[in-house]
>>> print(open('start17.pdb').read())   # PDB, C-alpha atoms and all ligand atoms
MODEL        1
ATOM      1  CA  MET P   1      67.450 170.835 103.421
ATOM      2  CA  GLU P   2      64.569 172.032 101.209
ATOM      3  CA  ARG P   3      62.587 168.837 100.625
ATOM      4  CA  ARG P   4      59.002 168.586  99.482
ATOM      5  CA  PRO P   5      56.628 165.677  99.042
ATOM      6  CA  ILE P   6      56.982 163.918  95.680
ATOM      7  CA  THR P   7      54.442 161.475  94.267
ATOM      8  CA  THR P   8      55.693 158.225  92.759
ATOM      9  CA  SER P   9      54.579 159.523  89.321
ATOM     10  CA  GLU P  10      56.687 162.664  89.723
ATOM     11  CA  PHE P  11      59.683 160.886  91.241
ATOM     12  CA  LYS P  12      62.810 160.486  89.156
ATOM     13  CA  THR P  13      66.344 159.423  89.946
ATOM     14  CA  ASP P  14      69.344 157.718  88.379
ATOM     15  CA  ILE P  15      68.525 154.582  90.300
ATOM     16  CA  PHE P  16      71.771 152.706  89.626
ATOM     17  CA  ASP P  17      73.865 155.652  90.809
ATOM     18  CA  THR P  18      71.565 156.266  93.761
ATOM     19  CA  PHE P  19      72.215 152.785  95.123
ATOM     20  CA  LEU P  20      75.545 151.648  93.738
ATOM     21  CA  LYS P  21      77.564 154.853  93.507
ATOM     22  CA  ASP P  22      76.060 157.388  95.889
ATOM     23  CA  TRP P  23      74.764 154.873  98.484
ATOM     24  CA  MET P  24      71.817 155.321 100.832
ATOM     25  CA  LEU P  25      71.194 155.159 104.573
ATOM     26  CA  LEU P  26      68.745 152.513 105.770
ATOM     27  CA  THR P  27      67.124 153.356 109.116
ATOM     28  CA  ALA P  28      64.801 151.091 111.082
ATOM     29  CA  GLY P  29      63.184 151.610 114.473
ATOM     30  CA  ASP P  30      61.116 154.239 116.210
ATOM     31  CA  PHE P  31      61.828 157.965 116.228
ATOM     32  CA  GLN P  32      59.678 158.803 119.269
ATOM     33  CA  SER P  33      61.405 156.412 121.667
ATOM     34  CA  GLY P  34      64.830 157.008 120.130
ATOM     35  CA  ARG P  35      65.185 153.282 119.482
ATOM     36  CA  PHE P  36      66.479 153.104 115.935
ATOM     37  CA  ASN P  37      69.645 152.237 114.056
ATOM     38  CA  GLN P  38      71.033 153.106 110.670
ATOM     39  CA  MET P  39      73.448 151.522 108.205
ATOM     40  CA  THR P  40      74.729 152.321 104.747
ATOM     41  CA  ILE P  41      73.358 150.278 101.859
ATOM     42  CA  ALA P  42      74.400 150.019  98.228
ATOM     43  CA  TRP P  43      72.413 146.971  97.189
ATOM     44  CA  GLY P  44      68.690 147.078  96.583
ATOM     45  CA  PHE P  45      65.896 147.554  94.082
ATOM     46  CA  MET P  46      63.121 150.024  93.509
ATOM     47  CA  GLY P  47      60.064 149.465  91.328
ATOM     48  CA  GLY P  48      56.701 147.820  91.604
ATOM     49  CA  MET P  49      55.493 144.750  93.458
ATOM     50  CA  TRP P  50      51.982 143.478  94.148
ATOM     51  CA  PHE P  51      50.479 146.590  92.457
ATOM     52  CA  LYS P  52      52.415 148.815  94.861
ATOM     53  CA  PRO P  53      55.452 151.084  94.523
ATOM     54  CA  ALA P  54      58.124 149.199  96.408
ATOM     55  CA  VAL P  55      61.765 148.942  97.407
ATOM     56  CA  MET P  56      63.824 145.916  98.307
ATOM     57  CA  VAL P  57      66.781 146.160 100.674
ATOM     58  CA  VAL P  58      69.131 143.436 101.881
ATOM     59  CA  VAL P  59      70.605 143.140 105.370
ATOM     60  CA  ARG P  60      73.192 140.597 106.494
ATOM     61  CA  PRO P  61      72.419 138.592 109.654
ATOM     62  CA  GLN P  62      75.239 140.159 111.672
ATOM     63  CA  ARG P  63      74.043 143.753 111.162
ATOM     64  CA  HIS P  64      72.714 145.455 114.305
ATOM     65  CA  THR P  65      70.086 147.058 112.060
ATOM     66  CA  LEU P  66      68.538 143.641 111.392
ATOM     67  CA  GLN P  67      66.919 143.414 114.821
ATOM     68  CA  PHE P  68      65.288 146.806 114.214
ATOM     69  CA  MET P  69      64.143 145.728 110.753
ATOM     70  CA  ASP P  70      62.588 142.642 112.342
ATOM     71  CA  LYS P  71      60.968 144.371 115.296
ATOM     72  CA  TYR P  72      59.442 147.436 113.647
ATOM     73  CA  ASP P  73      56.887 147.740 110.854
ATOM     74  CA  ASP P  74      58.581 150.362 108.745
ATOM     75  CA  PHE P  75      61.918 151.753 107.633
ATOM     76  CA  THR P  76      63.343 154.639 105.653
ATOM     77  CA  ILE P  77      66.009 154.886 102.976
ATOM     78  CA  CYS P  78      67.667 158.265 102.571
ATOM     79  CA  ALA P  79      70.049 159.860 100.102
ATOM     80  CA  PHE P  80      72.476 162.628 101.017
ATOM     81  CA  PRO P  81      74.548 165.298  99.293
ATOM     82  CA  GLU P  82      78.090 164.385  98.263
ATOM     83  CA  SER P  83      79.344 166.393 101.252
ATOM     84  CA  LYS P  84      77.920 163.669 103.549
ATOM     85  CA  LYS P  85      79.739 160.785 101.869
ATOM     86  CA  GLU P  86      82.050 160.463 104.873
ATOM     87  CA  VAL P  87      79.017 160.039 107.113
ATOM     88  CA  LEU P  88      77.812 157.209 104.882
ATOM     89  CA  SER P  89      81.279 155.637 105.020
ATOM     90  CA  PHE P  90      81.157 155.866 108.802
ATOM     91  CA  CYS P  91      77.682 154.315 109.046
ATOM     92  CA  GLY P  92      78.820 151.584 106.680
ATOM     93  CA  SER P  93      81.885 150.656 108.708
ATOM     94  CA  HIS P  94      80.753 151.043 112.333
ATOM     95  CA  SER P  95      78.106 149.045 114.128
ATOM     96  CA  GLY P  96      75.358 150.266 116.406
ATOM     97  CA  LYS P  97      76.344 147.318 118.582
ATOM     98  CA  GLU P  98      79.422 149.267 119.646
ATOM     99  CA  LEU P  99      78.358 152.899 119.544
ATOM    100  CA  ASN P 100      75.444 155.244 119.073
ATOM    101  CA  LYS P 101      75.884 156.080 115.418
ATOM    102  CA  THR P 102      73.236 158.785 115.477
ATOM    103  CA  GLN P 103      75.275 160.766 118.009
ATOM    104  CA  GLU P 104      78.614 159.981 116.393
ATOM    105  CA  CYS P 105      77.707 160.736 112.793
ATOM    106  CA  GLY P 106      76.233 164.188 113.398
ATOM    107  CA  LEU P 107      73.017 163.657 111.459
ATOM    108  CA  THR P 108      69.749 165.141 112.734
ATOM    109  CA  PRO P 109      66.920 162.579 112.873
ATOM    110  CA  ILE P 110      63.472 163.939 112.052
ATOM    111  CA  PRO P 111      60.053 162.248 112.328
ATOM    112  CA  GLY P 112      58.634 160.609 109.238
ATOM    113  CA  GLU P 113      55.396 161.729 107.601
ATOM    114  CA  LYS P 114      54.021 158.184 107.502
ATOM    115  CA  SER P 115      56.638 156.018 109.165
ATOM    116  CA  ASN P 116      57.745 155.726 112.764
ATOM    117  CA  ALA P 117      61.318 155.318 111.554
ATOM    118  CA  PRO P 118      63.074 158.667 111.168
ATOM    119  CA  GLY P 119      64.499 160.483 108.199
ATOM    120  CA  TYR P 120      67.239 163.098 108.520
ATOM    121  CA  GLU P 121      67.263 166.858 108.165
ATOM    122  CA  GLU P 122      70.448 166.627 106.058
ATOM    123  CA  ALA P 123      68.926 164.136 103.565
ATOM    124  CA  THR P 124      68.190 165.164  99.988
ATOM    125  CA  LEU P 125      65.729 162.292  99.654
ATOM    126  CA  ILE P 126      63.662 160.425 102.243
ATOM    127  CA  ILE P 127      61.681 157.355 101.180
ATOM    128  CA  GLU P 128      59.399 155.942 103.880
ATOM    129  CA  CYS P 129      58.464 152.292 103.575
ATOM    130  CA  ARG P 130      56.221 149.772 105.291
ATOM    131  CA  LYS P 131      57.423 146.179 105.399
ATOM    132  CA  LEU P 132      55.523 143.753 103.187
ATOM    133  CA  TYR P 133      57.827 140.756 102.969
ATOM    134  CA  ARG P 134      60.912 139.272 104.620
ATOM    135  CA  ASP P 135      62.947 136.291 103.576
ATOM    136  CA  GLN P 136      66.528 135.081 103.596
ATOM    137  CA  TYR P 137      68.396 134.211 100.441
ATOM    138  CA  LYS P 138      68.947 130.459 100.243
ATOM    139  CA  ALA P 139      72.183 128.923  98.992
ATOM    140  CA  LYS P 140      70.362 126.216  97.034
ATOM    141  CA  ASN P 141      68.412 128.808  95.055
ATOM    142  CA  PHE P 142      71.426 130.578  93.561
ATOM    143  CA  LEU P 143      71.509 129.916  89.825
ATOM    144  CA  GLU P 144      74.895 131.626  89.494
ATOM    145  CA  LYS P 145      76.882 129.639  92.053
ATOM    146  CA  SER P 146      79.977 131.843  91.826
ATOM    147  CA  ILE P 147      78.026 134.595  93.615
ATOM    148  CA  LEU P 148      77.830 132.393  96.697
ATOM    149  CA  ASP P 149      81.598 132.158  97.015
ATOM    150  CA  SER P 150      82.371 135.708  95.972
ATOM    151  CA  CYS P 151      79.680 137.463  98.044
ATOM    152  CA  TYR P 152      79.074 134.931 100.819
ATOM    153  CA  PRO P 153      82.302 133.086 101.713
ATOM    154  CA  GLU P 154      80.977 132.941 105.308
ATOM    155  CA  ARG P 155      77.505 131.970 104.039
ATOM    156  CA  ASP P 156      76.027 134.966 105.867
ATOM    157  CA  LEU P 157      73.228 135.263 103.373
ATOM    158  CA  HIS P 158      71.270 138.507 103.354
ATOM    159  CA  TYR P 159      67.763 138.905 104.638
ATOM    160  CA  MET P 160      65.695 140.689 102.023
ATOM    161  CA  PHE P 161      62.881 143.058 102.885
ATOM    162  CA  VAL P 162      60.312 144.341 100.424
ATOM    163  CA  GLY P 163      58.716 147.558 101.598
ATOM    164  CA  GLU P 164      55.801 149.494 100.170
ATOM    165  CA  ILE P 165      56.724 153.106  99.508
ATOM    166  CA  MET P 166      54.408 155.153 101.726
ATOM    167  CA  HIS P 167      55.891 158.617 101.282
ATOM    168  CA  ILE P 168      58.663 160.325  99.339
ATOM    169  CA  SER P 169      60.112 163.740 100.032
ATOM    170  CA  GLY P 170      63.069 165.176  98.228
ATOM    171  CA  ILE P 171      64.828 168.157  96.759
ATOM    172  CA  ASP P 172      64.039 169.447  93.281
ATOM    173  CA  LYS P 173      66.399 167.089  91.439
ATOM    174  CA  TYR P 174      64.213 164.107  92.387
ATOM    175  CA  ARG P 175      61.124 165.640  90.798
ATOM    176  CA  ARG P 176      60.243 165.379  87.126
ATOM    177  CA  LYS P 177      58.999 168.969  86.987
ATOM    178  CA  SER P 178      60.727 171.852  88.759
ATOM    179  CA  PHE P 179      58.972 173.390  91.733
ATOM    180  CA  SER P 180      56.812 176.314  90.620
TER
HETATM  181  C1  LIG I 201      79.022 151.447 100.542
HETATM  182  C2  LIG I 201      78.484 150.412 101.501
HETATM  183  C3  LIG I 201      77.372 149.681 101.160
HETATM  184  C4  LIG I 201      76.860 148.706 102.021
HETATM  185  N1  LIG I 201      75.729 147.999 101.652
HETATM  186  C5  LIG I 201      75.233 147.067 102.503
HETATM  187  C6  LIG I 201      74.029 146.358 102.164
HETATM  188  O1  LIG I 201      73.367 146.619 101.141
HETATM  189  N2  LIG I 201      73.597 145.398 103.018
HETATM  190  C7  LIG I 201      74.284 145.091 104.173
HETATM  191  O2  LIG I 201      73.866 144.195 104.922
HETATM  192  N3  LIG I 201      75.411 145.774 104.524
HETATM  193  C8  LIG I 201      75.872 146.764 103.730
HETATM  194  N4  LIG I 201      76.983 147.470 104.091
HETATM  195  C9  LIG I 201      77.642 147.202 105.392
HETATM  196  C10 LIG I 201      76.932 147.886 106.574
HETATM  197  O3  LIG I 201      76.550 149.206 106.270
HETATM  198  C11 LIG I 201      77.892 147.897 107.767
HETATM  199  O4  LIG I 201      78.252 146.574 108.110
HETATM  200  C12 LIG I 201      77.360 148.637 108.969
HETATM  201  O5  LIG I 201      78.432 148.903 109.840
HETATM  202  C13 LIG I 201      76.283 147.862 109.705
HETATM  203  O6  LIG I 201      75.881 148.617 110.824
HETATM  204  P1  LIG I 201      75.013 148.020 112.004
HETATM  205  O7  LIG I 201      75.767 146.831 112.592
HETATM  206  O8  LIG I 201      74.888 149.158 112.985
HETATM  207  O9  LIG I 201      73.697 147.614 111.419
HETATM  208  C14 LIG I 201      77.499 148.457 103.256
HETATM  209  C15 LIG I 201      78.636 149.204 103.603
HETATM  210  C16 LIG I 201      79.116 150.184 102.743
HETATM  211  C17 LIG I 201      80.322 151.012 103.131
ENDMDL
END
>>> encode(input="start17.pdb", output="structure tokens", more="lines below")
Ligand SMILES: Cc1cc2nc3c(=O)[nH]c(=O)nc-3n(C[C@H](O)[C@H](O)[C@H](O)COP(=O)(O)O)c2cc1C
Amino acid sequence: MERRPITTSEFKTDIFDTFLKDWMLLTAGDFQSGRFNQMTIAWGFMGGMWFKPAVMVVVRPQRHTLQFMDKYDDFTICAFPESKKEVLSFCGSHSGKELNKTQECGLTPIPGEKSNAPGYEEATLIIECRKLYRDQYKAKNFLEKSILDSCYPERDLHYMFVGEIMHISGIDKYRRKSFS
């Protein structure tokens, strides 16, 4: 995939579609040792926090990926072409507890520019992040109580991670100006 570095000023995307409709792959761990795990995400934010470009992702306690998010300092979120939607479905419905998803899903992990967590050769967009903040949603803090019952009947409240965006690489559609 023809990706190039993109600065945060040049970066553009339909952020609601990128998360909610197209989905992304969250990967945490270490490329060099091969200890990493990936899962599909559709919930998250991207913007600014503490004067830094940042993303927020949420991971339920039972996800295998959580232990990698906790252990390692950085993570990546990647977008893929529509042709890889089945791969995202697979990574969103199978756990690394049971199988090696990297082998099963046929993606090619590649080293990050700034992060130890990998991106993927097949990705159209790779956003490398360094963890800044971790917390777990708390039932008592929900102002809209119906969300608790609809999204957390088991009360498996997500852990949220805010990560500083350290590096972005993507295909032309994620850049404000076309490549010259
Ligand atoms: C479209 C889609 C979006 C998802 N979004 C999230 C999410 O934002 N947070 C989360 O914890 N799980 C999410 N999941 C569920 C995980 O991807 C799924 O449970 C996965 O198998 C976890 O893998 P793991 O156990 O290897 O970490 C999503 C699943 C799908 C199909």
>>> closest_atom_pairs(input="start17.pdb", of="region 49-97 of chain P", to="region 135-152 of chain P", cutoff="10 Å", atoms="all atoms listed in the file", output="tab-separated table")
residue	atom	partner	partner_atom	distance
P:Val58	CA	P:Gln136	CA	8.9
P:Val59	CA	P:Gln136	CA	9.2
P:Arg60	CA	P:Gln136	CA	9.1
P:Pro61	CA	P:Gln136	CA	9.2
>>> closest_residue(input="start17.pdb", among="P:Thr18, P:Thr27, P:Gln103, P:Thr40", to="Gly119 (chain P)", atoms="only C-alpha atoms")
P:Thr27
>>> axis_aligned_box(input="start17.pdb", around="region 138-143 of chain P", padding_each_side="8 Å", output="JSON")
{"center_x": 70.3, "center_y": 128.4, "center_z": 95.0, "size_x": 19.8, "size_y": 20.4, "size_z": 26.4}
>>> residues_around(input="start17.pdb", residues="Met24 (chain P)", least_positions_apart="3", cutoff="10 Å", atoms="all atoms listed in the file", output="NGL selection string")
:P and (18-21 or 27 or 39-44 or 76-80 or 85 or 88 or 92 or 123 or 125-126)
>>> closest_residue(input="start17.pdb", among="P:Met166, P:Ile127, P:Met160, P:Ala28", to="Arg3 (chain P)", atoms="all atoms listed in the file")
P:Ile127
>>> atom_distance(input="start17.pdb", atom1="CA of Met56 (chain P)", atom2="CA of Lys177 (chain P)")
26.1 Å
>>> atom_distance(input="start17.pdb", atom1="CA of Ile168 (chain P)", atom2="CA of Tyr120 (chain P)")
12.9 Å
>>> resolve_selection(input="start17.pdb", expression="the PyMOL selection byres (((chain P and resi 108-115) around 8) and not hetatm)", output="mmCIF file with C-alpha atoms, keeping the file's coordinate frame")
data_model
loop_
_atom_site.group_PDB
_atom_site.id
_atom_site.type_symbol
_atom_site.label_atom_id
_atom_site.label_comp_id
_atom_site.auth_asym_id
_atom_site.auth_seq_id
_atom_site.Cartn_x
_atom_site.Cartn_y
_atom_site.Cartn_z
ATOM 1 C CA PHE P 31 61.828 157.965 116.228
ATOM 2 C CA GLN P 32 59.678 158.803 119.269
ATOM 3 C CA ASP P 74 58.581 150.362 108.745
ATOM 4 C CA PHE P 75 61.918 151.753 107.633
ATOM 5 C CA THR P 76 63.343 154.639 105.653
ATOM 6 C CA THR P 102 73.236 158.785 115.477
ATOM 7 C CA GLY P 106 76.233 164.188 113.398
ATOM 8 C CA LEU P 107 73.017 163.657 111.459
ATOM 9 C CA ASN P 116 57.745 155.726 112.764
ATOM 10 C CA ALA P 117 61.318 155.318 111.554
ATOM 11 C CA PRO P 118 63.074 158.667 111.168
ATOM 12 C CA GLY P 119 64.499 160.483 108.199
ATOM 13 C CA TYR P 120 67.239 163.098 108.520
ATOM 14 C CA GLU P 121 67.263 166.858 108.165
ATOM 15 C CA GLU P 122 70.448 166.627 106.058
ATOM 16 C CA GLU P 128 59.399 155.942 103.880
ATOM 17 C CA CYS P 129 58.464 152.292 103.575
ATOM 18 C CA ARG P 130 56.221 149.772 105.291
ATOM 19 C CA MET P 166 54.408 155.153 101.726
ATOM 20 C CA HIS P 167 55.891 158.617 101.282
#
>>> decode(input="start17.pdb", residues="region 131-178 of chain P", atoms="C-alpha atoms", output="PDB file, in the first residue's frame")
ATOM      1  CA  LYS P 131      -0.231   6.252  25.947  1.00  0.00           C
ATOM      2  CA  LEU P 132      -0.897   9.323  28.073  1.00  0.00           C
ATOM      3  CA  TYR P 133      -3.827   8.290  30.236  1.00  0.00           C
ATOM      4  CA  ARG P 134      -5.769   5.203  31.306  1.00  0.00           C
ATOM      5  CA  ASP P 135      -8.948   4.985  33.297  1.00  0.00           C
ATOM      6  CA  GLN P 136     -12.065   2.861  33.549  1.00  0.00           C
ATOM      7  CA  TYR P 137     -15.526   4.265  33.044  1.00  0.00           C
ATOM      8  CA  LYS P 138     -17.398   4.340  36.346  1.00  0.00           C
ATOM      9  CA  ALA P 139     -21.076   3.451  36.641  1.00  0.00           C
ATOM     10  CA  LYS P 140     -21.761   6.293  39.077  1.00  0.00           C
ATOM     11  CA  ASN P 141     -20.456   8.869  36.608  1.00  0.00           C
ATOM     12  CA  PHE P 142     -22.911   8.083  33.815  1.00  0.00           C
ATOM     13  CA  LEU P 143     -25.276  11.022  33.398  1.00  0.00           C
ATOM     14  CA  GLU P 144     -27.389   9.096  30.885  1.00  0.00           C
ATOM     15  CA  LYS P 145     -28.184   5.999  32.939  1.00  0.00           C
ATOM     16  CA  SER P 146     -29.845   4.135  30.066  1.00  0.00           C
ATOM     17  CA  ILE P 147     -26.401   3.731  28.469  1.00  0.00           C
ATOM     18  CA  LEU P 148     -25.342   1.571  31.402  1.00  0.00           C
ATOM     19  CA  ASP P 149     -28.085  -0.968  30.781  1.00  0.00           C
ATOM     20  CA  SER P 150     -27.966  -0.861  27.004  1.00  0.00           C
ATOM     21  CA  CYS P 151     -24.167  -0.967  26.594  1.00  0.00           C
ATOM     22  CA  TYR P 152     -23.088  -2.612  29.851  1.00  0.00           C
ATOM     23  CA  PRO P 153     -25.686  -5.165  31.018  1.00  0.00           C
ATOM     24  CA  GLU P 154     -22.755  -7.179  32.452  1.00  0.00           C
ATOM     25  CA  ARG P 155     -21.194  -3.989  33.865  1.00  0.00           C
ATOM     26  CA  ASP P 156     -17.996  -4.730  31.936  1.00  0.00           C
ATOM     27  CA  LEU P 157     -17.162  -1.073  31.672  1.00  0.00           C
ATOM     28  CA  HIS P 158     -14.534  -0.081  29.128  1.00  0.00           C
ATOM     29  CA  TYR P 159     -11.043   1.024  29.968  1.00  0.00           C
ATOM     30  CA  MET P 160     -10.291   4.228  28.108  1.00  0.00           C
ATOM     31  CA  PHE P 161      -6.847   5.109  26.829  1.00  0.00           C
ATOM     32  CA  VAL P 162      -5.813   8.532  25.599  1.00  0.00           C
ATOM     33  CA  GLY P 163      -2.807   8.363  23.316  1.00  0.00           C
ATOM     34  CA  GLU P 164      -0.708  11.140  21.843  1.00  0.00           C
ATOM     35  CA  ILE P 165      -0.469  10.851  18.076  1.00  0.00           C
ATOM     36  CA  MET P 166       3.234  10.380  17.341  1.00  0.00           C
ATOM     37  CA  HIS P 167       3.119   9.587  13.632  1.00  0.00           C
ATOM     38  CA  ILE P 168       0.575   9.307  10.835  1.00  0.00           C
ATOM     39  CA  SER P 169       1.096   7.642   7.488  1.00  0.00           C
ATOM     40  CA  GLY P 170      -1.609   7.158   4.936  1.00  0.00           C
ATOM     41  CA  ILE P 171      -2.671   7.038   1.332  1.00  0.00           C
ATOM     42  CA  ASP P 172      -3.535  10.173  -0.618  1.00  0.00           C
ATOM     43  CA  LYS P 173      -7.175  10.344   0.497  1.00  0.00           C
ATOM     44  CA  TYR P 174      -6.079  11.136   4.066  1.00  0.00           C
ATOM     45  CA  ARG P 175      -4.083  14.173   2.968  1.00  0.00           C
ATOM     46  CA  ARG P 176      -5.543  17.624   2.432  1.00  0.00           C
ATOM     47  CA  LYS P 177      -3.393  18.250  -0.641  1.00  0.00           C
ATOM     48  CA  SER P 178      -2.677  15.600  -3.268  1.00  0.00           C
TER      49      SER P 178
END
